Amino acid sequence: MNHFHSRRLALGSALCLPVSLLLSHIAHASEGVLRVSAIPDEAPTELQRKFAPLGNYLSAQTGLKVVFTPVTDYAAVVEALAAGKIDLAWLGGFTFVQARIRTNGSAIPIVQREEDARFTSKFITADPSIKSLSDLKGKTFAFGAPSSTSGSLMPRFFMQQAGLNLEKDFKNIAFSGAHDATAAFVSAGKADAGVLNASVWDKLVEQKKVDTDKVRVFATTPPFFDYNWTVRGDLDPKLVKTLSDAFLKLDAGNPEHKEILNLQRATRFIPTRKENYDGIEKAAVSAGLLK
């Protein structure tokens, strides 16, 4: 299914806010402020840690104060972008499709990590009897957030392509809310298996936050387009270009840039376009998540 090619923070408040509070919190942002948010696909503290150097870099590049506000759910980012309450957002592929629809097509994806052009998800388990997707029948399974591209939508799509009926074949399905939480669910035995994006899995392994003697990968999805940085459609075009150029200039050969790229788990950023996410929209329609 390779034709289905295809989502972190104010340097201020570290609190996770519901959408209503997010809107009131940033609606009064003064001129000279770049307002940023992201889908909460990892723990808020991790999102803050990852964004801090990038936020400082974008501030230096744009001359603006960069304020990142994490939120409690994926929908909050889409609504804030649609309402013009944030300027820049880190979105997953499906969240971008939702934002594109919610903004009547005005949201603009500007860059993605090179890795996001061929992104994958990892199916993990601690159950020795599970060796393939077909072995999941009768088991308990954990996805990430319902609106997560790599933690829910695309894995569901590929599971259906493999002949699994998610409504009938599983003993129970849970949504952990985030990729790192899915790994914790499986590690703790709260689910027989689960799925999370390859980038977070690799990071958890590198940081020894998952016991690979116990939890292992037993399947990987075909590649798809995923995360991007998106701007609201009515943002000053000059600022859009400055932001795009800032991301594209990040060079792993520069020590300061390398830290930023490493935290973003990127080798480099490349331009992206709306059409890259058409496959995800088709998968969402197929899964009944979009009409």
# chains A, B, ... in the order shown; residues from 1 in each chain; ligands from 1
$ residues_around --residues "Ala83 (chain A)" --least-positions-apart "4" --cutoff "9 Å" --atoms "only C-alpha atoms" --output "PyMOL selection string"
chain A and resi 23+78-79+103+232
$ write_last_selection --atoms "N, CA and C atoms" --output "PDB file, in the first residue's frame"
ATOM      1  N   LEU A  23      -7.946  29.279  23.855  1.00  0.00           N
ATOM      2  CA  LEU A  23      -8.362  30.408  23.028  1.00  0.00           C
ATOM      3  C   LEU A  23      -8.328  31.710  23.828  1.00  0.00           C
ATOM      4  N   VAL A  78      -6.516  22.004  16.313  1.00  0.00           N
ATOM      5  CA  VAL A  78      -7.267  22.280  15.086  1.00  0.00           C
ATOM      6  C   VAL A  78      -8.168  23.492  15.278  1.00  0.00           C
ATOM      7  N   GLU A  79      -8.902  23.536  16.388  1.00  0.00           N
ATOM      8  CA  GLU A  79      -9.823  24.646  16.633  1.00  0.00           C
ATOM      9  C   GLU A  79      -9.088  25.963  16.806  1.00  0.00           C
ATOM     10  N   THR A 103     -10.686  24.626   8.249  1.00  0.00           N
ATOM     11  CA  THR A 103     -10.350  25.995   7.823  1.00  0.00           C
ATOM     12  C   THR A 103     -10.750  26.256   6.377  1.00  0.00           C
ATOM     13  N   ARG A 232      -1.507  29.143   9.852  1.00  0.00           N
ATOM     14  CA  ARG A 232      -2.870  29.570   9.502  1.00  0.00           C
ATOM     15  C   ARG A 232      -2.821  30.310   8.168  1.00  0.00           C
TER      16      ARG A 232
END
$ residues_around --residues "Phe94 (chain A)" --least-positions-apart "4" --cutoff "7 Å" --atoms "only C-alpha atoms" --output "MDAnalysis selection string"
chainID A and resid 98 147:149 280
$ write_last_selection --atoms "C-alpha atoms" --output "tab-separated table (two decimals), in the first residue's frame"
chain	number	residue	atom	x	y	z
A	98	GLN	CA	-8.93	17.83	9.82
A	147	SER	CA	-7.03	11.38	15.87
A	148	SER	CA	-3.42	10.22	15.67
A	149	THR	CA	-2.22	9.39	12.17
A	280	ILE	CA	-4.47	9.99	4.56
$ select_by_dssp --residues "region 13-208 of chain A" --states "strand (DSSP E)" --output "JSON, numbers by chain"
{"A": [33, 34, 35, 36, 37, 38, 65, 66, 67, 68, 88, 89, 90, 91, 108, 109, 110, 111, 112, 113, 121, 122, 123, 124, 125, 140, 141, 142, 143, 172, 173, 174, 175, 193, 194, 195, 196, 197]}
$ atom_distance --atom1 "CA of Gln160 (chain A)" --atom2 "CA of Asp226 (chain A)"
19.3 Å
$ closest_residue --among "A:Leu54, A:Val231, A:Val195, A:Ile130" --to "Ile86 (chain A)" --atoms "only C-alpha atoms"
A:Val231
$ closest_residue --among "A:Ser244, A:Thr220, A:Ser199, A:Thr45" --to "Gln61 (chain A)" --atoms "only C-alpha atoms"
A:Ser244
$ atom_distance --atom1 "CA of Ser286 (chain A)" --atom2 "CA of Asp202 (chain A)"
29.2 Å
$ select_by_dssp --residues "region 115-210 of chain A" --states "helix (DSSP H, G or I)" --output "number ranges by chain"
A: 115-118, 133-136, 149-161, 179-187, 198-206
$ write_last_selection --atoms "C-alpha atoms" --output "PDB file, in the first residue's frame"
ATOM      1  CA  GLU A 115      11.513  11.238   7.634  1.00  0.00           C
ATOM      2  CA  ASP A 116       7.835  12.207   7.386  1.00  0.00           C
ATOM      3  CA  ALA A 117       7.729  11.457   3.655  1.00  0.00           C
ATOM      4  CA  ARG A 118       8.101   7.755   4.475  1.00  0.00           C
ATOM      5  CA  LEU A 133      -1.173  -9.216  12.817  1.00  0.00           C
ATOM      6  CA  SER A 134      -3.343 -12.319  12.429  1.00  0.00           C
ATOM      7  CA  ASP A 135      -2.313 -13.381  15.937  1.00  0.00           C
ATOM      8  CA  LEU A 136      -4.104 -10.340  17.366  1.00  0.00           C
ATOM      9  CA  THR A 149      -2.220   9.393  12.168  1.00  0.00           C
ATOM     10  CA  SER A 150       0.526   6.989  13.173  1.00  0.00           C
ATOM     11  CA  GLY A 151      -1.033   5.867  16.458  1.00  0.00           C
ATOM     12  CA  SER A 152      -4.496   5.087  15.138  1.00  0.00           C
ATOM     13  CA  LEU A 153      -5.663   5.986  11.637  1.00  0.00           C
ATOM     14  CA  MET A 154      -3.014   4.464   9.385  1.00  0.00           C
ATOM     15  CA  PRO A 155      -2.423   1.357  11.547  1.00  0.00           C
ATOM     16  CA  ARG A 156      -6.201   0.757  11.581  1.00  0.00           C
ATOM     17  CA  PHE A 157      -6.277   1.152   7.813  1.00  0.00           C
ATOM     18  CA  PHE A 158      -3.447  -1.312   7.257  1.00  0.00           C
ATOM     19  CA  MET A 159      -4.925  -3.772   9.777  1.00  0.00           C
ATOM     20  CA  GLN A 160      -8.182  -3.703   7.857  1.00  0.00           C
ATOM     21  CA  GLN A 161      -6.227  -4.254   4.637  1.00  0.00           C
ATOM     22  CA  HIS A 179       2.613   7.097  21.741  1.00  0.00           C
ATOM     23  CA  ASP A 180       4.729   6.839  24.890  1.00  0.00           C
ATOM     24  CA  ALA A 181       1.610   5.911  26.868  1.00  0.00           C
ATOM     25  CA  THR A 182       0.907   3.059  24.427  1.00  0.00           C
ATOM     26  CA  ALA A 183       4.366   1.611  25.069  1.00  0.00           C
ATOM     27  CA  ALA A 184       3.702   1.887  28.814  1.00  0.00           C
ATOM     28  CA  PHE A 185       0.339   0.123  28.406  1.00  0.00           C
ATOM     29  CA  VAL A 186       1.953  -2.819  26.631  1.00  0.00           C
ATOM     30  CA  SER A 187       4.912  -2.947  29.030  1.00  0.00           C
ATOM     31  CA  ALA A 198       8.461   4.484  14.753  1.00  0.00           C
ATOM     32  CA  SER A 199      10.132   7.708  15.860  1.00  0.00           C
ATOM     33  CA  VAL A 200       8.841   7.545  19.442  1.00  0.00           C
ATOM     34  CA  TRP A 201       9.567   3.806  19.637  1.00  0.00           C
ATOM     35  CA  ASP A 202      13.169   4.386  18.563  1.00  0.00           C
ATOM     36  CA  LYS A 203      13.525   7.195  21.116  1.00  0.00           C
ATOM     37  CA  LEU A 204      12.138   5.054  23.953  1.00  0.00           C
ATOM     38  CA  VAL A 205      14.565   2.287  23.035  1.00  0.00           C
ATOM     39  CA  GLU A 206      17.520   4.681  22.854  1.00  0.00           C
TER      40      GLU A 206
END
$ decode --residues "region 114-152 of chain A" --atoms "N, CA and C atoms" --output "PDB file, in the first residue's frame"
ATOM      1  N   GLU A 114      12.288  15.214   6.748  1.00  0.00           N
ATOM      2  CA  GLU A 114      12.524  14.314   5.631  1.00  0.00           C
ATOM      3  C   GLU A 114      11.939  12.928   5.931  1.00  0.00           C
ATOM      4  N   GLU A 115      12.024  12.537   7.202  1.00  0.00           N
ATOM      5  CA  GLU A 115      11.513  11.238   7.634  1.00  0.00           C
ATOM      6  C   GLU A 115      10.001  11.107   7.459  1.00  0.00           C
ATOM      7  N   ASP A 116       9.293  12.255   7.451  1.00  0.00           N
ATOM      8  CA  ASP A 116       7.835  12.207   7.386  1.00  0.00           C
ATOM      9  C   ASP A 116       7.304  11.864   5.999  1.00  0.00           C
ATOM     10  N   ALA A 117       8.162  11.846   4.996  1.00  0.00           N
ATOM     11  CA  ALA A 117       7.729  11.457   3.655  1.00  0.00           C
ATOM     12  C   ALA A 117       7.563   9.946   3.544  1.00  0.00           C
ATOM     13  N   ARG A 118       8.229   9.213   4.446  1.00  0.00           N
ATOM     14  CA  ARG A 118       8.101   7.755   4.475  1.00  0.00           C
ATOM     15  C   ARG A 118       8.059   7.307   5.937  1.00  0.00           C
ATOM     16  N   PHE A 119       6.966   7.698   6.608  1.00  0.00           N
ATOM     17  CA  PHE A 119       6.831   7.429   8.031  1.00  0.00           C
ATOM     18  C   PHE A 119       6.212   6.052   8.232  1.00  0.00           C
ATOM     19  N   THR A 120       6.510   5.423   9.364  1.00  0.00           N
ATOM     20  CA  THR A 120       5.917   4.119   9.664  1.00  0.00           C
ATOM     21  C   THR A 120       5.486   4.045  11.126  1.00  0.00           C
ATOM     22  N   SER A 121       4.665   3.062  11.409  1.00  0.00           N
ATOM     23  CA  SER A 121       4.256   2.760  12.779  1.00  0.00           C
ATOM     24  C   SER A 121       4.692   1.344  13.129  1.00  0.00           C
ATOM     25  N   LYS A 122       4.979   1.126  14.411  1.00  0.00           N
ATOM     26  CA  LYS A 122       5.446  -0.171  14.890  1.00  0.00           C
ATOM     27  C   LYS A 122       4.372  -0.832  15.764  1.00  0.00           C
ATOM     28  N   PHE A 123       4.090  -2.083  15.466  1.00  0.00           N
ATOM     29  CA  PHE A 123       3.211  -2.880  16.316  1.00  0.00           C
ATOM     30  C   PHE A 123       4.078  -3.593  17.342  1.00  0.00           C
ATOM     31  N   ILE A 124       3.721  -3.455  18.614  1.00  0.00           N
ATOM     32  CA  ILE A 124       4.555  -4.004  19.685  1.00  0.00           C
ATOM     33  C   ILE A 124       3.750  -4.917  20.601  1.00  0.00           C
ATOM     34  N   THR A 125       4.450  -5.847  21.247  1.00  0.00           N
ATOM     35  CA  THR A 125       3.800  -6.769  22.174  1.00  0.00           C
ATOM     36  C   THR A 125       4.825  -7.317  23.164  1.00  0.00           C
ATOM     37  N   ALA A 126       4.323  -7.833  24.280  1.00  0.00           N
ATOM     38  CA  ALA A 126       5.161  -8.589  25.222  1.00  0.00           C
ATOM     39  C   ALA A 126       4.655 -10.026  25.308  1.00  0.00           C
ATOM     40  N   ASP A 127       3.717 -10.371  24.429  1.00  0.00           N
ATOM     41  CA  ASP A 127       3.109 -11.706  24.413  1.00  0.00           C
ATOM     42  C   ASP A 127       3.851 -12.586  23.414  1.00  0.00           C
ATOM     43  N   PRO A 128       4.513 -13.654  23.863  1.00  0.00           N
ATOM     44  CA  PRO A 128       5.287 -14.518  22.957  1.00  0.00           C
ATOM     45  C   PRO A 128       4.439 -15.168  21.862  1.00  0.00           C
ATOM     46  N   SER A 129       3.137 -15.287  22.094  1.00  0.00           N
ATOM     47  CA  SER A 129       2.272 -15.959  21.120  1.00  0.00           C
ATOM     48  C   SER A 129       1.926 -15.061  19.933  1.00  0.00           C
ATOM     49  N   ILE A 130       2.195 -13.768  20.042  1.00  0.00           N
ATOM     50  CA  ILE A 130       1.868 -12.832  18.962  1.00  0.00           C
ATOM     51  C   ILE A 130       3.089 -12.641  18.067  1.00  0.00           C
ATOM     52  N   LYS A 131       2.969 -13.119  16.856  1.00  0.00           N
ATOM     53  CA  LYS A 131       4.079 -13.012  15.907  1.00  0.00           C
ATOM     54  C   LYS A 131       3.698 -12.272  14.629  1.00  0.00           C
ATOM     55  N   SER A 132       2.398 -12.072  14.410  1.00  0.00           N
ATOM     56  CA  SER A 132       1.932 -11.365  13.219  1.00  0.00           C
ATOM     57  C   SER A 132       0.590 -10.707  13.527  1.00  0.00           C
ATOM     58  N   LEU A 133       0.105  -9.901  12.606  1.00  0.00           N
ATOM     59  CA  LEU A 133      -1.173  -9.216  12.817  1.00  0.00           C
ATOM     60  C   LEU A 133      -2.313 -10.209  13.005  1.00  0.00           C
ATOM     61  N   SER A 134      -2.265 -11.332  12.305  1.00  0.00           N
ATOM     62  CA  SER A 134      -3.343 -12.319  12.429  1.00  0.00           C
ATOM     63  C   SER A 134      -3.427 -12.910  13.829  1.00  0.00           C
ATOM     64  N   ASP A 135      -2.327 -12.855  14.568  1.00  0.00           N
ATOM     65  CA  ASP A 135      -2.313 -13.381  15.937  1.00  0.00           C
ATOM     66  C   ASP A 135      -3.008 -12.462  16.933  1.00  0.00           C
ATOM     67  N   LEU A 136      -3.458 -11.300  16.469  1.00  0.00           N
ATOM     68  CA  LEU A 136      -4.104 -10.340  17.366  1.00  0.00           C
ATOM     69  C   LEU A 136      -5.560 -10.688  17.652  1.00  0.00           C
ATOM     70  N   LYS A 137      -6.123 -11.605  16.893  1.00  0.00           N
ATOM     71  CA  LYS A 137      -7.529 -11.962  17.106  1.00  0.00           C
ATOM     72  C   LYS A 137      -7.736 -12.500  18.519  1.00  0.00           C
ATOM     73  N   GLY A 138      -8.743 -11.943  19.189  1.00  0.00           N
ATOM     74  CA  GLY A 138      -9.055 -12.345  20.549  1.00  0.00           C
ATOM     75  C   GLY A 138      -8.220 -11.670  21.616  1.00  0.00           C
ATOM     76  N   LYS A 139      -7.332 -10.753  21.189  1.00  0.00           N
ATOM     77  CA  LYS A 139      -6.429 -10.068  22.126  1.00  0.00           C
ATOM     78  C   LYS A 139      -6.934  -8.663  22.465  1.00  0.00           C
ATOM     79  N   THR A 140      -6.326  -8.081  23.485  1.00  0.00           N
ATOM     80  CA  THR A 140      -6.578  -6.672  23.803  1.00  0.00           C
ATOM     81  C   THR A 140      -5.526  -5.830  23.097  1.00  0.00           C
ATOM     82  N   PHE A 141      -5.922  -4.650  22.625  1.00  0.00           N
ATOM     83  CA  PHE A 141      -5.031  -3.845  21.786  1.00  0.00           C
ATOM     84  C   PHE A 141      -5.145  -2.375  22.155  1.00  0.00           C
ATOM     85  N   ALA A 142      -4.001  -1.672  22.106  1.00  0.00           N
ATOM     86  CA  ALA A 142      -3.969  -0.245  22.442  1.00  0.00           C
ATOM     87  C   ALA A 142      -3.509   0.595  21.262  1.00  0.00           C
ATOM     88  N   PHE A 143      -4.333   1.566  20.881  1.00  0.00           N
ATOM     89  CA  PHE A 143      -3.950   2.619  19.962  1.00  0.00           C
ATOM     90  C   PHE A 143      -3.499   3.824  20.789  1.00  0.00           C
ATOM     91  N   GLY A 144      -3.045   4.879  20.110  1.00  0.00           N
ATOM     92  CA  GLY A 144      -2.688   6.118  20.795  1.00  0.00           C
ATOM     93  C   GLY A 144      -3.926   6.980  20.966  1.00  0.00           C
ATOM     94  N   ALA A 145      -3.899   8.189  20.393  1.00  0.00           N
ATOM     95  CA  ALA A 145      -5.075   9.059  20.408  1.00  0.00           C
ATOM     96  C   ALA A 145      -5.943   8.736  19.198  1.00  0.00           C
ATOM     97  N   PRO A 146      -7.260   8.858  19.307  1.00  0.00           N
ATOM     98  CA  PRO A 146      -8.139   8.541  18.178  1.00  0.00           C
ATOM     99  C   PRO A 146      -7.817   9.316  16.906  1.00  0.00           C
ATOM    100  N   SER A 147      -7.336  10.559  17.040  1.00  0.00           N
ATOM    101  CA  SER A 147      -7.027  11.380  15.867  1.00  0.00           C
ATOM    102  C   SER A 147      -5.569  11.278  15.425  1.00  0.00           C
ATOM    103  N   SER A 148      -4.825  10.366  16.019  1.00  0.00           N
ATOM    104  CA  SER A 148      -3.415  10.219  15.669  1.00  0.00           C
ATOM    105  C   SER A 148      -3.269   9.469  14.350  1.00  0.00           C
ATOM    106  N   THR A 149      -2.468  10.038  13.454  1.00  0.00           N
ATOM    107  CA  THR A 149      -2.220   9.393  12.168  1.00  0.00           C
ATOM    108  C   THR A 149      -1.476   8.082  12.357  1.00  0.00           C
ATOM    109  N   SER A 150      -0.346   8.149  13.042  1.00  0.00           N
ATOM    110  CA  SER A 150       0.526   6.989  13.173  1.00  0.00           C
ATOM    111  C   SER A 150       0.185   6.125  14.377  1.00  0.00           C
ATOM    112  N   GLY A 151      -0.652   6.630  15.280  1.00  0.00           N
ATOM    113  CA  GLY A 151      -1.033   5.867  16.458  1.00  0.00           C
ATOM    114  C   GLY A 151      -2.422   5.277  16.369  1.00  0.00           C
ATOM    115  N   SER A 152      -3.138   5.603  15.275  1.00  0.00           N
ATOM    116  CA  SER A 152      -4.496   5.087  15.138  1.00  0.00           C
ATOM    117  C   SER A 152      -4.912   4.928  13.684  1.00  0.00           C
TER     118      SER A 152
END
